[in-house]
Structure formats: C-alpha cells, structure tokens
>>> print(open('query20.pdb').read())   # PDB, C-alpha atoms
ATOM      1  CA  MET A   1      63.036  94.041  83.456
ATOM      2  CA  PRO A   2      62.336  95.455  86.917
ATOM      3  CA  SER A   3      60.152  98.514  87.008
ATOM      4  CA  SER A   4      60.104 101.343  89.519
ATOM      5  CA  ARG A   5      57.002  99.864  91.169
ATOM      6  CA  PRO A   6      57.527  97.842  94.333
ATOM      7  CA  LEU A   7      57.535  94.101  93.763
ATOM      8  CA  ARG A   8      54.617  91.993  94.916
ATOM      9  CA  ALA A   9      55.464  89.639  97.773
ATOM     10  CA  ASP A  10      55.658  86.571  95.508
ATOM     11  CA  ALA A  11      57.822  88.400  92.963
ATOM     12  CA  ARG A  12      60.123  89.610  95.752
ATOM     13  CA  ARG A  13      60.439  86.016  97.058
ATOM     14  CA  ASN A  14      61.232  84.769  93.536
ATOM     15  CA  ARG A  15      63.882  87.462  93.057
ATOM     16  CA  GLU A  16      65.508  86.648  96.406
ATOM     17  CA  ALA A  17      65.422  82.906  95.616
ATOM     18  CA  LEU A  18      67.127  83.567  92.272
ATOM     19  CA  LEU A  19      69.825  85.706  93.880
ATOM     20  CA  SER A  20      70.395  83.084  96.555
ATOM     21  CA  ALA A  21      70.586  80.232  94.046
ATOM     22  CA  ALA A  22      72.985  82.192  91.820
ATOM     23  CA  ARG A  23      75.157  83.126  94.800
ATOM     24  CA  GLN A  24      75.359  79.502  95.908
ATOM     25  CA  ALA A  25      76.209  78.344  92.387
ATOM     26  CA  PHE A  26      78.979  80.899  91.880
ATOM     27  CA  LEU A  27      80.418  80.569  95.371
ATOM     28  CA  GLY A  28      80.296  76.804  95.039
ATOM     29  CA  GLY A  29      82.656  77.126  92.102
ATOM     30  CA  ASP A  30      80.103  76.659  89.315
ATOM     31  CA  THR A  31      81.246  79.721  87.384
ATOM     32  CA  ASP A  32      79.565  78.415  84.226
ATOM     33  CA  ALA A  33      76.184  77.939  85.914
ATOM     34  CA  HIS A  34      73.443  78.183  83.300
ATOM     35  CA  VAL A  35      70.363  80.300  83.909
ATOM     36  CA  GLU A  36      68.226  77.177  83.563
ATOM     37  CA  ASP A  37      70.095  75.522  86.442
ATOM     38  CA  ILE A  38      69.867  78.641  88.589
ATOM     39  CA  ALA A  39      66.133  78.982  87.915
ATOM     40  CA  ARG A  40      65.570  75.301  88.694
ATOM     41  CA  SER A  41      67.549  75.596  91.926
ATOM     42  CA  ALA A  42      65.469  78.650  92.886
ATOM     43  CA  GLY A  43      62.259  76.746  92.156
ATOM     44  CA  VAL A  44      61.105  79.067  89.363
ATOM     45  CA  ALA A  45      60.843  78.983  85.591
ATOM     46  CA  VAL A  46      63.513  80.492  83.338
ATOM     47  CA  GLY A  47      60.981  83.107  82.220
ATOM     48  CA  THR A  48      60.729  84.294  85.816
ATOM     49  CA  LEU A  49      64.500  84.698  85.928
ATOM     50  CA  TYR A  50      64.427  86.802  82.775
ATOM     51  CA  ARG A  51      61.577  88.953  84.134
ATOM     52  CA  HIS A  52      63.889  89.937  86.977
ATOM     53  CA  PHE A  53      67.250  89.933  85.170
ATOM     54  CA  GLU A  54      67.551  90.758  81.486
ATOM     55  CA  THR A  55      70.754  88.739  81.082
ATOM     56  CA  ARG A  56      72.937  86.294  82.987
ATOM     57  CA  ASP A  57      75.450  89.107  83.461
ATOM     58  CA  ALA A  58      72.732  91.280  85.020
ATOM     59  CA  LEU A  59      72.056  88.480  87.504
ATOM     60  CA  ILE A  60      75.764  88.100  88.307
ATOM     61  CA  GLU A  61      76.127  91.855  88.744
ATOM     62  CA  GLU A  62      73.178  91.931  91.132
ATOM     63  CA  VAL A  63      74.601  89.039  93.182
ATOM     64  CA  TYR A  64      77.852  90.972  93.523
ATOM     65  CA  ARG A  65      76.030  94.218  94.327
ATOM     66  CA  LYS A  66      74.063  92.453  97.065
ATOM     67  CA  GLU A  67      77.291  91.056  98.549
ATOM     68  CA  VAL A  68      78.701  94.598  98.645
ATOM     69  CA  ASP A  69      75.452  95.962 100.148
ATOM     70  CA  ASP A  70      75.608  93.412 102.949
ATOM     71  CA  LEU A  71      79.290  94.107 103.546
ATOM     72  CA  CYS A  72      78.942  97.893 103.602
ATOM     73  CA  ALA A  73      76.021  97.733 106.026
ATOM     74  CA  ALA A  74      78.264  96.097 108.630
ATOM     75  CA  PRO A  75      80.293  99.056 110.030
ATOM     76  CA  GLY A  76      77.348 100.754 111.717
ATOM     77  CA  ASP A  77      76.267  97.510 113.356
ATOM     78  CA  LEU A  78      79.826  96.711 114.383
ATOM     79  CA  LEU A  79      80.319 100.147 115.954
ATOM     80  CA  ASN A  80      77.068  99.690 117.889
ATOM     81  CA  GLN A  81      78.297  96.368 119.299
ATOM     82  CA  TYR A  82      82.041  96.832 119.750
ATOM     83  CA  ALA A  83      84.706  99.365 120.587
ATOM     84  CA  PRO A  84      86.000 101.092 117.414
ATOM     85  CA  GLU A  85      89.257  99.104 117.279
ATOM     86  CA  GLU A  86      87.420  95.776 117.527
ATOM     87  CA  ALA A  87      84.812  96.940 115.009
ATOM     88  CA  LEU A  88      87.632  97.782 112.578
ATOM     89  CA  ARG A  89      89.292  94.401 113.157
ATOM     90  CA  ARG A  90      86.071  92.556 112.466
ATOM     91  CA  PHE A  91      85.363  94.596 109.343
ATOM     92  CA  LEU A  92      88.864  93.994 107.973
ATOM     93  CA  LEU A  93      88.234  90.262 108.343
ATOM     94  CA  LEU A  94      84.855  90.663 106.637
ATOM     95  CA  LEU A  95      86.667  92.310 103.716
ATOM     96  CA  VAL A  96      89.058  89.358 103.513
ATOM     97  CA  ASP A  97      86.069  86.999 103.528
ATOM     98  CA  HIS A  98      84.491  89.161 100.799
ATOM     99  CA  ALA A  99      87.612  88.560  98.710
ATOM    100  CA  ALA A 100      87.047  84.828  99.190
ATOM    101  CA  VAL A 101      83.525  85.343  97.840
ATOM    102  CA  GLY A 102      84.983  87.324  94.971
ATOM    103  CA  LYS A 103      87.346  84.448  94.184
ATOM    104  CA  GLY A 104      84.372  82.177  93.630
ATOM    105  CA  MET A 105      82.723  84.768  91.414
ATOM    106  CA  SER A 106      85.783  86.113  89.616
ATOM    107  CA  VAL A 107      85.323  84.092  86.441
ATOM    108  CA  ALA A 108      81.620  84.897  86.367
ATOM    109  CA  LEU A 109      82.436  88.593  86.863
ATOM    110  CA  GLU A 110      84.988  88.743  84.021
ATOM    111  CA  ASN A 111      82.402  89.711  81.398
ATOM    112  CA  ILE A 112      81.125  92.522  83.592
ATOM    113  CA  MET A 113      84.673  93.781  84.215
ATOM    114  CA  ALA A 114      85.053  94.247  80.457
ATOM    115  CA  THR A 115      82.013  96.561  80.278
ATOM    116  CA  ASP A 116      81.462 100.104  81.465
ATOM    117  CA  SER A 117      79.471  98.844  84.433
ATOM    118  CA  PRO A 118      79.885 101.149  87.434
ATOM    119  CA  VAL A 119      79.440  98.242  89.866
ATOM    120  CA  PHE A 120      83.156  97.894  90.725
ATOM    121  CA  ASP A 121      83.871 101.610  91.086
ATOM    122  CA  ASP A 122      80.782 101.916  93.266
ATOM    123  CA  ALA A 123      81.872  98.929  95.370
ATOM    124  CA  ARG A 124      85.367 100.333  95.901
ATOM    125  CA  THR A 125      83.975 103.741  96.883
ATOM    126  CA  ARG A 126      81.506 102.244  99.333
ATOM    127  CA  MET A 127      84.110  99.938 100.912
ATOM    128  CA  ALA A 128      86.563 102.834 101.276
ATOM    129  CA  ASP A 129      83.819 104.955 102.876
ATOM    130  CA  ALA A 130      83.031 102.137 105.311
ATOM    131  CA  LEU A 131      86.712 101.887 106.238
ATOM    132  CA  SER A 132      86.909 105.667 106.659
ATOM    133  CA  LEU A 133      83.991 105.560 109.094
ATOM    134  CA  LEU A 134      85.742 102.903 111.178
ATOM    135  CA  LEU A 135      89.133 104.625 111.013
ATOM    136  CA  ASP A 136      87.588 107.927 112.105
ATOM    137  CA  ALA A 137      85.887 106.214 115.051
ATOM    138  CA  GLY A 138      89.136 104.494 116.033
ATOM    139  CA  ASN A 139      91.089 107.718 115.735
ATOM    140  CA  ALA A 140      88.515 109.583 117.836
ATOM    141  CA  ALA A 141      88.833 106.849 120.475
ATOM    142  CA  GLY A 142      92.628 107.135 120.297
ATOM    143  CA  THR A 143      93.125 103.500 119.303
ATOM    144  CA  VAL A 144      94.209 103.861 115.657
ATOM    145  CA  ARG A 145      96.410 106.357 113.920
ATOM    146  CA  GLY A 146      94.788 109.226 112.055
ATOM    147  CA  ASP A 147      97.051 109.464 109.019
ATOM    148  CA  VAL A 148      95.606 106.501 107.110
ATOM    149  CA  THR A 149      92.554 106.935 104.893
ATOM    150  CA  GLY A 150      89.864 104.454 103.927
ATOM    151  CA  PRO A 151      90.984 104.346 100.278
ATOM    152  CA  THR A 152      94.605 103.705 101.318
ATOM    153  CA  LEU A 153      93.606 100.915 103.674
ATOM    154  CA  LEU A 154      91.413  99.391 100.964
ATOM    155  CA  ARG A 155      94.384  99.376  98.567
ATOM    156  CA  ALA A 156      96.486  97.621 101.221
ATOM    157  CA  LEU A 157      93.781  94.994 101.643
ATOM    158  CA  GLY A 158      93.592  94.634  97.879
ATOM    159  CA  GLY A 159      97.243  93.664  97.890
ATOM    160  CA  ILE A 160      96.636  91.114 100.619
ATOM    161  CA  CYS A 161      93.651  89.644  98.840
ATOM    162  CA  ALA A 162      95.473  89.473  95.503
ATOM    163  CA  MET A 163      97.252  86.428  96.953
ATOM    164  CA  ARG A 164      94.052  84.431  96.657
ATOM    165  CA  VAL A 165      95.404  82.336  93.826
ATOM    166  CA  SER A 166      97.626  80.349  96.172
ATOM    167  CA  GLU A 167      96.560  77.404  98.301
ATOM    168  CA  GLY A 168      95.880  78.354 101.919
ATOM    169  CA  TRP A 169      95.737  82.041 101.055
ATOM    170  CA  LEU A 170      92.759  82.791 103.313
ATOM    171  CA  ASP A 171      94.545  81.875 106.555
ATOM    172  CA  GLU A 172      97.603  83.805 105.464
ATOM    173  CA  ALA A 173      95.477  86.804 104.445
ATOM    174  CA  ARG A 174      93.855  86.846 107.884
ATOM    175  CA  GLN A 175      97.272  86.746 109.529
ATOM    176  CA  ILE A 176      98.577  89.608 107.373
ATOM    177  CA  THR A 177      95.396  91.565 108.113
ATOM    178  CA  SER A 178      96.195  91.194 111.820
ATOM    179  CA  LEU A 179      99.646  92.643 111.146
ATOM    180  CA  LEU A 180      98.041  95.499 109.228
ATOM    181  CA  LEU A 181      95.798  96.250 112.206
ATOM    182  CA  ASP A 182      98.862  96.269 114.477
ATOM    183  CA  GLY A 183     100.366  98.874 112.155
ATOM    184  CA  LEU A 184      97.211 100.978 112.409
ATOM    185  CA  ARG A 185      97.565 100.924 116.191
ATOM    186  CA  HIS A 186     101.222 102.077 116.027
ATOM    187  CA  LYS A 187     101.565 105.755 116.970
ATOM    188  CA  ALA A 188      97.865 105.976 117.803
ATOM    189  CA  PRO A 189      97.168 108.874 120.159
ATOM    190  CA  ARG A 190      96.192 106.641 123.112
ATOM    191  CA  GLY A 191      93.763 108.087 125.637
ATOM    192  CA  SER A 192      92.633 111.090 123.603
TER     193      SER A 192
END
>>> encode(input="query20.pdb", output="structure tokens")
Amino acid sequence: MPSSRPLRADARRNREALLSAARQAFLGGDTDAHVEDIARSAGVAVGTLYRHFETRDALIEEVYRKEVDDLCAAPGDLLNQYAPEEALRRFLLLLVDHAAVGKGMSVALENIMATDSPVFDDARTRMADALSLLLDAGNAAGTVRGDVTGPTLLRALGGICAMRVSEGWLDEARQITSLLLDGLRHKAPRGS
C-alpha cells in the first residue's frame, strides 16, 4: 500500500507504467484484464503492482481518478489559450471524449460503483466546478448566458453521453454538444 512518503523515482516510474498499462487495457476493451497481464505489459512483477495497488479495483479506481484529474486540469489551460467561449466549447468536447473513455472502463468500474467509494461523487463535483469556471468566464465576457450552472450543464452532458450504447454515438454526441453550446450563447449579454 502507498505510504505518505514520496515515492522513489523508480517506484514512481513503476506506478505510472502500471496506470498506463491498465488504462490501455481497459480503454482497449479488455475489461477483464488480469493483474498479471497488466503487470507484464507495464514491465513489472505482480508483486510490484500489489505494492502500489492493494486490489484490482484500487488500480481501476486510480486509473479513473487520473483520467478525471487530467480532465479537470484543462479549464485553466484552455482559458489561458482561448477566449472563454472557445475554451468552453473545447472543454465540452473533452467531457464527451471522457465519456468515451468511461465507456471502455464501465464494466471494469461496475464493482467500484457498488461500493461506498467517493470517486464518482468527487469526479462529478470537480467536473461541475470546472464547468462553472468556464461558464463564469464566458458570462463575464458576455458570450454565454449567466443562468446556467456547472452542475446543470454537467447533467445535460450526462444525458448526451448516456447514448453511448448506440453505434456512432460519439459523432452524434459531439453534434448535440454543439447544439448545447448554441443554446448557452442564446440570450448572452453580448458586449458586457
């Protein structure tokens, strides 16, 4: 189990290799990937995997948490590079892509969903906060309406991404997300 001490460089590399190998396995559709296969793919022994992750579910949870970390780090970078409306558009598409990642992991995540793990509540809160940041910036710039909250927008995206069981859903989800963004622009206080 990980301790509160910082990891040595080799241990940190092993942990990152394990997370990367697990992510690739789950996203590649191998929802039943065994820890032995993940360890082998990462170039480490199974014992090394268990030193970092007590169980397979702990590994899966950490892969998901890392996906959410990467996603929720994006708004600040996007706002530094783009106007608020474009930053919001790009983040909405990142959320749709995140749902595609979640589709590949959904079976692997089922066991965790049945526990009291706070990982999903935390993810929803962080994604809603990220959306709120972008909505506030867009509203301040006068390019998006101010009566929509991050949690509400996240629920709307959840409905869009729930379609992911159908063939070709990703293209359709991106198109619907574009319509959603058009709705956010409607009645925006332009030029404020």
>>> residues_near_point(input="query20.pdb", point="(89.4, 103.0, 100.4)", cutoff="9 Å", atoms="all atoms listed in the file", output="list in words")
Arg124, Thr125, Arg126, Met127, Ala128, Asp129, Ala130, Leu131, Ser132, Thr149, Gly150, Pro151, Thr152, Leu153, Leu154, Arg155 and Ala156 of chain A
>>> resolve_selection(input="query20.pdb", expression="the PyMOL selection byres ((chain A and resi 143-145) around 8)", output="short mmCIF file (atom, residue, chain, number, x, y, z; two decimals) with C-alpha atoms, keeping the file's coordinate frame")
data_model
loop_
_atom_site.label_atom_id
_atom_site.label_comp_id
_atom_site.auth_asym_id
_atom_site.auth_seq_id
_atom_site.Cartn_x
_atom_site.Cartn_y
_atom_site.Cartn_z
CA PRO A 84 86.00 101.09 117.41
CA GLU A 85 89.26 99.10 117.28
CA LEU A 135 89.13 104.62 111.01
CA GLY A 138 89.14 104.49 116.03
CA ASN A 139 91.09 107.72 115.74
CA ALA A 140 88.52 109.58 117.84
CA ALA A 141 88.83 106.85 120.48
CA GLY A 142 92.63 107.14 120.30
CA GLY A 146 94.79 109.23 112.06
CA ASP A 147 97.05 109.46 109.02
CA VAL A 148 95.61 106.50 107.11
CA LEU A 184 97.21 100.98 112.41
CA ARG A 185 97.56 100.92 116.19
CA HIS A 186 101.22 102.08 116.03
CA LYS A 187 101.56 105.76 116.97
CA ALA A 188 97.86 105.98 117.80
CA PRO A 189 97.17 108.87 120.16
CA ARG A 190 96.19 106.64 123.11
CA GLY A 191 93.76 108.09 125.64
#
>>> residues_around(input="query20.pdb", residues="stretch 118-121 of chain A", least_positions_apart="6", cutoff="12 Å", atoms="only C-alpha atoms", output="MDAnalysis selection string")
chainID A and resid 57:58 60:69 102 109:110 112 127:128 151
>>> closest_residue(input="query20.pdb", among="A:Leu170, A:Leu180, A:Arg56, A:Ala123", to="A:Asp32", atoms="all atoms listed in the file")
A:Arg56
>>> residues_near_point(input="query20.pdb", point="(81.4, 99.7, 111.0)", cutoff="7 Å", atoms="all atoms listed in the file", output="list in words")
Ala74, Pro75, Gly76, Asp77, Leu78, Leu79, Ala87, Leu88, Phe91, Ala130, Leu133 and Leu134 of chain A
>>> write_last_selection(input="query20.pdb", atoms="C-alpha atoms", output="compact mmCIF listing (two decimals), in the coordinates of the input")
# COMPACT_ATOMS: atom_id res chain seq x y z
CA ALA A 74 78.26 96.10 108.63
CA PRO A 75 80.29 99.06 110.03
CA GLY A 76 77.35 100.75 111.72
CA ASP A 77 76.27 97.51 113.36
CA LEU A 78 79.83 96.71 114.38
CA LEU A 79 80.32 100.15 115.95
CA ALA A 87 84.81 96.94 115.01
CA LEU A 88 87.63 97.78 112.58
CA PHE A 91 85.36 94.60 109.34
CA ALA A 130 83.03 102.14 105.31
CA LEU A 133 83.99 105.56 109.09
CA LEU A 134 85.74 102.90 111.18
>>> atom_distance(input="query20.pdb", atom1="atom CA of A:Gln24", atom2="atom CA of A:Ala73")
20.9 Å
>>> residues_around(input="query20.pdb", residues="A:Ala17", least_positions_apart="4", cutoff="7 Å", atoms="only C-alpha atoms", output="ChimeraX atom specification")
/A:13,21,42
>>> atom_distance(input="query20.pdb", atom1="atom CA of A:Glu16", atom2="atom CA of A:Leu95")
23.1 Å
>>> atom_distance(input="query20.pdb", atom1="atom CA of A:Ile38", atom2="atom CA of A:Glu167")
28.4 Å
>>> closest_residue(input="query20.pdb", among="A:Arg51, A:His98, A:Arg40, A:Arg23", to="A:Leu7", atoms="only C-alpha atoms")
A:Arg51
>>> closest_residue(input="query20.pdb", among="A:Ala22, A:Leu93, A:Leu27, A:Leu59", to="A:Glu172", atoms="all atoms listed in the file")
A:Leu93
>>> closest_residue(input="query20.pdb", among="A:Ala99, A:Ala162, A:Ala137, A:Leu157", to="A:Ser178", atoms="all atoms listed in the file")
A:Leu157
